[in-house]
Amino acid sequence: MTVVGKAGPLGKPSVAPVDSKGRALRERALAAMEHAYAPYSKFKVGAALLGVDGSVTDACNVENAAFPAGTCAERAAVASAVAKGVRGFSVLVIASSADEPTPPCGMCRQALIEFAPDLEIISVTRSGKEARWRLSELLPQAFSPGSLAHTSE
């Protein structure tokens, strides 16, 4: 299987083979998506996050009638992994109910940059479409922990 990223504002297409670990992450993200609670938007998302220690954390989006209180699948996966002591990540697979692969929202990009500035992100759909990006492509000139460096006056 080959993964092809979309050309356009998110960067040049990337093509790479999908190995067995990639397939397993894809399956976990798709399974998590089926558990999403999205009664308002109907936009279901699942995520599978591979830690640098080899652990996999999956999560889904959870909406709320008070819209800002909802949680995206990507941030839910980060929070769960951090709660288990994982602080570094190498791959994030996102599965969504959209017709086209979708990258993480801006808030999720900001949360992810804290732990994995060069994270590989693979977005998949139920129909098998896939796209791939690096987080650094999706969030150039990011506000990161280094941005908080204090200067002497």
# chains A, B, ... in the order shown; residues from 1 in each chain; ligands from 1
call {"tool": "closest_atom_pairs", "arguments": {"of": "stretch 36-95 of chain A", "to": "stretch 100-109 of chain A", "cutoff": "12 Å", "atoms": "only C-alpha atoms", "output": "Markdown table"}}
result
| residue | atom | partner | partner_atom | distance |
| --- | --- | --- | --- | --- |
| A:Phe43 | CA | A:Thr102 | CA | 11.1 |
| A:Lys44 | CA | A:Thr102 | CA | 11.5 |
| A:Val45 | CA | A:Thr102 | CA | 9.8 |
| A:Gly46 | CA | A:Pro104 | CA | 11.1 |
| A:Ala47 | CA | A:Pro104 | CA | 10.1 |
| A:Asn61 | CA | A:Cys108 | CA | 11.6 |
| A:Pro68 | CA | A:Met107 | CA | 11.5 |
| A:Thr71 | CA | A:Cys108 | CA | 9.6 |
| A:Cys72 | CA | A:Cys108 | CA | 7.4 |
| A:Ala73 | CA | A:Cys108 | CA | 8.8 |
| A:Glu74 | CA | A:Cys108 | CA | 6.2 |
| A:Arg75 | CA | A:Cys108 | CA | 5.8 |
| A:Ala76 | CA | A:Cys108 | CA | 9.5 |
| A:Ala77 | CA | A:Cys108 | CA | 10.4 |
| A:Val78 | CA | A:Cys108 | CA | 9.3 |
| A:Ala79 | CA | A:Cys108 | CA | 11.2 |
| A:Leu92 | CA | A:Pro104 | CA | 9.9 |
| A:Val93 | CA | A:Pro103 | CA | 9.9 |
| A:Ile94 | CA | A:Pro103 | CA | 7.9 |
| A:Ala95 | CA | A:Pro101 | CA | 7.8 |
call {"tool": "write_last_selection", "arguments": {"atoms": "N, CA and C atoms", "output": "PDB file, in the first residue's frame"}}
result
ATOM      1  N   PHE A  43     -19.163  14.556  12.806  1.00  0.00           N
ATOM      2  CA  PHE A  43     -17.797  14.407  12.296  1.00  0.00           C
ATOM      3  C   PHE A  43     -17.015  13.552  13.290  1.00  0.00           C
ATOM      4  N   LYS A  44     -16.959  12.264  13.013  1.00  0.00           N
ATOM      5  CA  LYS A  44     -16.286  11.332  13.918  1.00  0.00           C
ATOM      6  C   LYS A  44     -14.795  11.254  13.586  1.00  0.00           C
ATOM      7  N   VAL A  45     -13.988  11.224  14.649  1.00  0.00           N
ATOM      8  CA  VAL A  45     -12.538  11.153  14.493  1.00  0.00           C
ATOM      9  C   VAL A  45     -11.974  10.173  15.512  1.00  0.00           C
ATOM     10  N   GLY A  46     -11.028   9.375  15.063  1.00  0.00           N
ATOM     11  CA  GLY A  46     -10.269   8.490  15.939  1.00  0.00           C
ATOM     12  C   GLY A  46      -8.794   8.775  15.724  1.00  0.00           C
ATOM     13  N   ALA A  47      -7.991   8.535  16.730  1.00  0.00           N
ATOM     14  CA  ALA A  47      -6.549   8.770  16.629  1.00  0.00           C
ATOM     15  C   ALA A  47      -5.797   7.626  17.280  1.00  0.00           C
ATOM     16  N   ASN A  61     -12.892  11.624  19.360  1.00  0.00           N
ATOM     17  CA  ASN A  61     -13.423  12.926  19.738  1.00  0.00           C
ATOM     18  C   ASN A  61     -14.678  12.749  20.577  1.00  0.00           C
ATOM     19  N   PRO A  68     -17.310  24.543  23.101  1.00  0.00           N
ATOM     20  CA  PRO A  68     -15.891  24.615  23.450  1.00  0.00           C
ATOM     21  C   PRO A  68     -15.441  23.530  24.429  1.00  0.00           C
ATOM     22  N   THR A  71     -13.709  17.666  23.062  1.00  0.00           N
ATOM     23  CA  THR A  71     -12.294  17.302  22.978  1.00  0.00           C
ATOM     24  C   THR A  71     -12.035  16.570  21.673  1.00  0.00           C
ATOM     25  N   CYS A  72     -11.015  17.007  20.962  1.00  0.00           N
ATOM     26  CA  CYS A  72     -10.613  16.343  19.724  1.00  0.00           C
ATOM     27  C   CYS A  72      -9.899  15.030  20.043  1.00  0.00           C
ATOM     28  N   ALA A  73      -9.969  14.093  19.109  1.00  0.00           N
ATOM     29  CA  ALA A  73      -9.322  12.788  19.291  1.00  0.00           C
ATOM     30  C   ALA A  73      -7.814  12.925  19.492  1.00  0.00           C
ATOM     31  N   GLU A  74      -7.197  13.824  18.740  1.00  0.00           N
ATOM     32  CA  GLU A  74      -5.745  13.969  18.823  1.00  0.00           C
ATOM     33  C   GLU A  74      -5.306  14.444  20.202  1.00  0.00           C
ATOM     34  N   ARG A  75      -5.989  15.454  20.743  1.00  0.00           N
ATOM     35  CA  ARG A  75      -5.632  15.956  22.080  1.00  0.00           C
ATOM     36  C   ARG A  75      -5.996  14.950  23.159  1.00  0.00           C
ATOM     37  N   ALA A  76      -7.071  14.198  22.959  1.00  0.00           N
ATOM     38  CA  ALA A  76      -7.426  13.151  23.923  1.00  0.00           C
ATOM     39  C   ALA A  76      -6.336  12.081  23.964  1.00  0.00           C
ATOM     40  N   ALA A  77      -5.789  11.737  22.800  1.00  0.00           N
ATOM     41  CA  ALA A  77      -4.713  10.739  22.750  1.00  0.00           C
ATOM     42  C   ALA A  77      -3.455  11.263  23.439  1.00  0.00           C
ATOM     43  N   VAL A  78      -3.111  12.523  23.191  1.00  0.00           N
ATOM     44  CA  VAL A  78      -1.936  13.117  23.841  1.00  0.00           C
ATOM     45  C   VAL A  78      -2.115  13.111  25.353  1.00  0.00           C
ATOM     46  N   ALA A  79      -3.272  13.552  25.830  1.00  0.00           N
ATOM     47  CA  ALA A  79      -3.513  13.617  27.275  1.00  0.00           C
ATOM     48  C   ALA A  79      -3.431  12.233  27.907  1.00  0.00           C
ATOM     49  N   LEU A  92       1.325   9.800  14.313  1.00  0.00           N
ATOM     50  CA  LEU A  92      -0.076   9.954  14.663  1.00  0.00           C
ATOM     51  C   LEU A  92      -0.900   9.563  13.449  1.00  0.00           C
ATOM     52  N   VAL A  93      -1.800   8.608  13.630  1.00  0.00           N
ATOM     53  CA  VAL A  93      -2.740   8.266  12.565  1.00  0.00           C
ATOM     54  C   VAL A  93      -4.104   8.774  12.993  1.00  0.00           C
ATOM     55  N   ILE A  94      -4.726   9.535  12.093  1.00  0.00           N
ATOM     56  CA  ILE A  94      -6.055  10.097  12.330  1.00  0.00           C
ATOM     57  C   ILE A  94      -7.010   9.444  11.343  1.00  0.00           C
ATOM     58  N   ALA A  95      -8.130   8.960  11.834  1.00  0.00           N
ATOM     59  CA  ALA A  95      -9.189   8.431  10.968  1.00  0.00           C
ATOM     60  C   ALA A  95     -10.410   9.318  11.150  1.00  0.00           C
TER      61      ALA A  95
END
call {"tool": "select_by_dssp", "arguments": {"residues": "stretch 3-142 of chain A", "states": "strand (DSSP E or B)", "output": "PyMOL selection string"}}
result
chain A and resi 3-4+15-17+37+45-51+56-60+62+71+89-96+120-125+130-134
call {"tool": "residues_around", "arguments": {"residues": "A:Asp118", "least_positions_apart": "6", "cutoff": "6 Å", "atoms": "only C-alpha atoms", "output": "PyMOL selection string"}}
result
chain A and resi 134-136
call {"tool": "write_last_selection", "arguments": {"atoms": "N, CA and C atoms", "output": "compact mmCIF listing (two decimals), in the first residue's frame"}}
result
# COMPACT_ATOMS: atom_id res chain seq x y z
N ARG A 134 4.21 16.13 7.81
CA ARG A 134 4.99 16.34 9.03
C ARG A 134 4.33 17.49 9.78
N LEU A 135 4.28 17.40 11.09
CA LEU A 135 3.68 18.46 11.89
C LEU A 135 4.34 19.80 11.60
N SER A 136 5.64 19.79 11.37
CA SER A 136 6.35 21.03 11.08
C SER A 136 5.86 21.69 9.79
call {"tool": "atom_distance", "arguments": {"atom1": "atom CA of A:His35", "atom2": "atom CA of A:Asp58"}}
result
10.8 Å
call {"tool": "atom_distance", "arguments": {"atom1": "atom CA of A:Val91", "atom2": "atom CA of A:Leu30"}}
result
15.1 Å
call {"tool": "residues_around", "arguments": {"residues": "A:Phe89", "least_positions_apart": "3", "cutoff": "8 Å", "atoms": "only C-alpha atoms", "output": "JSON, numbers by chain"}}
result
{"A": [49, 50, 51, 52, 86, 92, 115, 116, 119]}
call {"tool": "select_by_dssp", "arguments": {"residues": "chain A", "states": "helix (DSSP H, G or I)", "output": "PyMOL selection string"}}
result
chain A and resi 20-33+67-69+73-83+106-113+135-138+145-148
call {"tool": "write_last_selection", "arguments": {"atoms": "N, CA and C atoms", "output": "compact mmCIF listing (two decimals), in the first residue's frame"}}
result
# COMPACT_ATOMS: atom_id res chain seq x y z
N SER A 20 3.66 -2.81 8.43
CA SER A 20 2.68 -3.48 9.29
C SER A 20 2.32 -2.63 10.50
N LYS A 21 3.28 -1.88 11.04
CA LYS A 21 2.97 -0.99 12.18
C LYS A 21 2.02 0.10 11.72
N GLY A 22 2.23 0.64 10.54
CA GLY A 22 1.34 1.66 10.00
C GLY A 22 -0.07 1.12 9.81
N ARG A 23 -0.18 -0.10 9.34
CA ARG A 23 -1.51 -0.73 9.16
C ARG A 23 -2.18 -0.92 10.51
N ALA A 24 -1.42 -1.34 11.51
CA ALA A 24 -1.98 -1.55 12.85
C ALA A 24 -2.47 -0.22 13.44
N LEU A 25 -1.70 0.84 13.26
CA LEU A 25 -2.11 2.16 13.75
C LEU A 25 -3.37 2.62 13.03
N ARG A 26 -3.43 2.38 11.73
CA ARG A 26 -4.61 2.75 10.95
C ARG A 26 -5.84 2.02 11.48
N GLU A 27 -5.71 0.72 11.73
CA GLU A 27 -6.83 -0.07 12.24
C GLU A 27 -7.28 0.43 13.61
N ARG A 28 -6.33 0.79 14.45
CA ARG A 28 -6.69 1.29 15.79
C ARG A 28 -7.38 2.64 15.71
N ALA A 29 -6.92 3.51 14.82
CA ALA A 29 -7.56 4.81 14.66
C ALA A 29 -8.98 4.65 14.12
N LEU A 30 -9.15 3.77 13.15
CA LEU A 30 -10.49 3.53 12.60
C LEU A 30 -11.42 2.95 13.66
N ALA A 31 -10.91 2.04 14.49
CA ALA A 31 -11.74 1.45 15.55
C ALA A 31 -12.12 2.51 16.58
N ALA A 32 -11.17 3.37 16.94
CA ALA A 32 -11.46 4.44 17.91
C ALA A 32 -12.51 5.40 17.35
N MET A 33 -12.43 5.67 16.04
CA MET A 33 -13.39 6.57 15.41
C MET A 33 -14.82 6.07 15.60
N PHE A 67 -20.20 23.72 23.03
CA PHE A 67 -19.19 23.35 22.02
C PHE A 67 -17.73 23.48 22.44
N PRO A 68 -17.31 24.54 23.10
CA PRO A 68 -15.89 24.61 23.45
C PRO A 68 -15.44 23.53 24.43
N ALA A 69 -16.38 22.87 25.08
CA ALA A 69 -16.02 21.84 26.06
C ALA A 69 -15.70 20.50 25.40
N ALA A 73 -9.97 14.09 19.11
CA ALA A 73 -9.32 12.79 19.29
C ALA A 73 -7.81 12.92 19.49
N GLU A 74 -7.20 13.82 18.74
CA GLU A 74 -5.74 13.97 18.82
C GLU A 74 -5.31 14.44 20.20
N ARG A 75 -5.99 15.45 20.74
CA ARG A 75 -5.63 15.96 22.08
C ARG A 75 -6.00 14.95 23.16
N ALA A 76 -7.07 14.20 22.96
CA ALA A 76 -7.43 13.15 23.92
C ALA A 76 -6.34 12.08 23.96
N ALA A 77 -5.79 11.74 22.80
CA ALA A 77 -4.71 10.74 22.75
C ALA A 77 -3.46 11.26 23.44
N VAL A 78 -3.11 12.52 23.19
CA VAL A 78 -1.94 13.12 23.84
C VAL A 78 -2.12 13.11 25.35
N ALA A 79 -3.27 13.55 25.83
CA ALA A 79 -3.51 13.62 27.27
C ALA A 79 -3.43 12.23 27.91
N SER A 80 -4.00 11.25 27.25
CA SER A 80 -3.97 9.89 27.79
C SER A 80 -2.54 9.33 27.81
N ALA A 81 -1.79 9.57 26.75
CA ALA A 81 -0.40 9.09 26.70
C ALA A 81 0.44 9.78 27.77
N VAL A 82 0.28 11.08 27.93
CA VAL A 82 1.05 11.81 28.94
C VAL A 82 0.70 11.31 30.33
N ALA A 83 -0.58 11.00 30.55
CA ALA A 83 -1.00 10.46 31.85
C ALA A 83 -0.33 9.12 32.14
N GLY A 106 -6.10 23.41 14.30
CA GLY A 106 -5.04 24.26 14.81
C GLY A 106 -4.73 24.02 16.28
N MET A 107 -5.76 23.83 17.09
CA MET A 107 -5.55 23.61 18.52
C MET A 107 -4.79 22.30 18.75
N CYS A 108 -5.14 21.28 17.99
CA CYS A 108 -4.43 19.99 18.12
C CYS A 108 -2.99 20.11 17.64
N ARG A 109 -2.78 20.84 16.57
CA ARG A 109 -1.41 21.04 16.08
C ARG A 109 -0.56 21.68 17.17
N GLN A 110 -1.12 22.68 17.85
CA GLN A 110 -0.38 23.36 18.91
C GLN A 110 -0.09 22.41 20.07
N ALA A 111 -1.06 21.58 20.44
CA ALA A 111 -0.84 20.62 21.52
C ALA A 111 0.23 19.59 21.15
N LEU A 112 0.21 19.14 19.91
CA LEU A 112 1.17 18.13 19.46
C LEU A 112 2.59 18.67 19.38
N ILE A 113 2.75 19.93 18.97
CA ILE A 113 4.09 20.51 18.78
C ILE A 113 4.88 20.51 20.09
N LEU A 135 4.28 17.40 11.09
CA LEU A 135 3.68 18.46 11.89
C LEU A 135 4.34 19.80 11.60
N SER A 136 5.64 19.79 11.37
CA SER A 136 6.35 21.03 11.08
C SER A 136 5.86 21.69 9.79
N GLU A 137 5.31 20.89 8.86
CA GLU A 137 4.71 21.45 7.63
C GLU A 137 3.37 22.11 7.95
N LEU A 138 2.62 21.49 8.84
CA LEU A 138 1.28 21.98 9.16
C LEU A 138 1.28 23.16 10.11
N PRO A 145 7.91 25.42 23.39
CA PRO A 145 8.53 25.69 24.68
C PRO A 145 9.70 26.67 24.58
N GLY A 146 10.44 26.60 23.48
CA GLY A 146 11.56 27.53 23.30
C GLY A 146 11.11 28.98 23.17
N SER A 147 9.86 29.18 22.78
CA SER A 147 9.32 30.54 22.64
C SER A 147 9.21 31.22 24.00
N LEU A 148 9.20 30.46 25.06
CA LEU A 148 9.04 31.01 26.41
C LEU A 148 10.36 31.39 27.07
call {"tool": "closest_residue", "arguments": {"among": "A:Gly88, A:Pro39, A:Pro117, A:Gly128", "to": "A:Glu63", "atoms": "only C-alpha atoms"}}
result
A:Pro39
